[in-house]
Every structure is written in C-alpha cells, then in structure tokens.
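Following: one structure in structure tokens, then a few remarks.
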Amino acid sequence: MAWNEVEAMFAGIGRLLPSGGLLCIYGPFNLEEGRFSSPSNAQFDAILRAQAAHMGIRNFAAVDALAAAQGLELQANYPMPAHNRLLVWRRT
C-alpha cells in the first residue's frame, strides 16, 4: 500500500469511526525511525520493496501521527510473535 493510500485510509477512519470506537492494526512496524526491530523484519522489508518500491515496513511514529491527526489516541502497543505488533487506538 502506497503512503498516500495509508493516509487516505486513516482519513476515512477519521470520518467513519464513532467516538469511543477502536482501531486495531496488526503487523510489523519499525519502532524507531528507520530501525528494524529484527533482522527478519529487515529482510521482509527488502522483499516487499523488491516487489514494489512503495511497499515496506512502516515506522510506528508516522502511523501514530496519522492516527492522532484523526482524533485517535494510542491505547496499547502489544508485542506479538514474529516481531509483529498489535496497535490499538481509541477515537476521542
């Protein structure tokens, strides 16, 4: 998914998610700008980018900023198997 598509998705969530509603996203995220959480995530990112330059593992801070711009507040950031995360936001 291209970044502009991610931005459009969050804009739609901002329009449609009611107050108190939850958004949960599961997957790999870089926890610090440009730093992979594991060698396997770096390899996965390279595979994705080889398929299409706009694909790849997203930076948590950038995704959280999109959520905040739509009135979503991070509620939880759970570590999951295989270096994935479960991110949970609530609409304020």
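Scheme for the structure tokens: letters A, B, ... for chains in order shown; per-chain residue numbers from 1; ligand numbers from 1 in order shown.
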*His54 in chain A: which residues within 9 Å, counting only C-alpha atoms, same-chain residues fewer than 5 positions away excluded, as a ChimeraX atom specification?*
/A:1-3,48-49
*Which neighbours of range 16-32 of chain A fall inside 10 Å, counting only C-alpha atoms, when residues of the same chain fewer than 5 positions from it are skipped, and could you give them as a ChimeraX atom specification?*
/A:10-11,37-38,41-42,44-45,56-63,67,70-92
_For CA of Ile13 in chain A and CA of Ile47 in chain A, the interatomic separation in Å (one decimal)_ =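 Value for the CA of Ile13 in chain A-CA of Ile47 in chain A distance: 28.6 Å.
Of the listed residues A:Arg35, A:Gln43, A:Asp64, A:Met55, the one whose atoms come nearest to Asn4 in chain A is A:Met55, with distances taken using only C-alpha atoms.
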*Return the single residue from A:Pro39, A:Glu33, A:Arg15, A:Gln51 that is closest to Ala69 in chain A, with distances computed using only C-alpha atoms.*
A:Arg15
*Taking the DSSP assignment computed from this structure's backbone, write out as number ranges by chain all residues of chain A that belong to strand (DSSP E or B).*
A: 22-27, 29-30, 32, 35, 58-59, 72-80, 84-91
With C-alpha atoms retained, could you export that selection as a compact mmCIF listing (two decimals), in the first residue's frame?
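As written to disk, again_22.txt reads:
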# COMPACT_ATOMS: atom_id res chain seq x y z
CA LEU A 22 -11.36 1.24 18.39
CA LEU A 23 -8.91 0.80 15.54
CA CYS A 24 -6.61 -2.24 15.78
CA ILE A 25 -3.76 -2.86 13.35
CA TYR A 26 -1.53 -5.94 13.40
CA GLY A 27 1.79 -6.30 11.66
CA PHE A 29 6.43 -1.83 12.49
CA ASN A 30 9.75 -0.05 12.95
CA GLU A 32 12.27 3.91 15.84
CA ARG A 35 15.42 0.96 12.67
CA ARG A 58 6.09 1.36 8.21
CA ASN A 59 7.52 3.46 11.01
CA LEU A 72 -7.27 8.69 17.65
CA GLU A 73 -5.29 8.15 20.84
CA LEU A 74 -2.95 5.17 21.20
CA GLN A 75 -4.28 2.82 23.88
CA ALA A 76 -1.92 -0.14 23.55
CA ASN A 77 1.15 -1.36 21.69
CA TYR A 78 1.40 -5.10 22.24
CA PRO A 79 4.39 -7.17 21.15
CA MET A 80 3.28 -10.23 19.18
CA ASN A 84 4.90 -8.05 14.93
CA ARG A 85 2.87 -5.55 16.95
CA LEU A 86 -0.81 -5.12 17.74
CA LEU A 87 -1.55 -1.39 17.87
CA VAL A 88 -4.84 -0.20 19.38
CA TRP A 89 -6.18 3.34 19.10
CA ARG A 90 -9.42 4.80 20.51
CA ARG A 91 -11.36 7.62 18.88
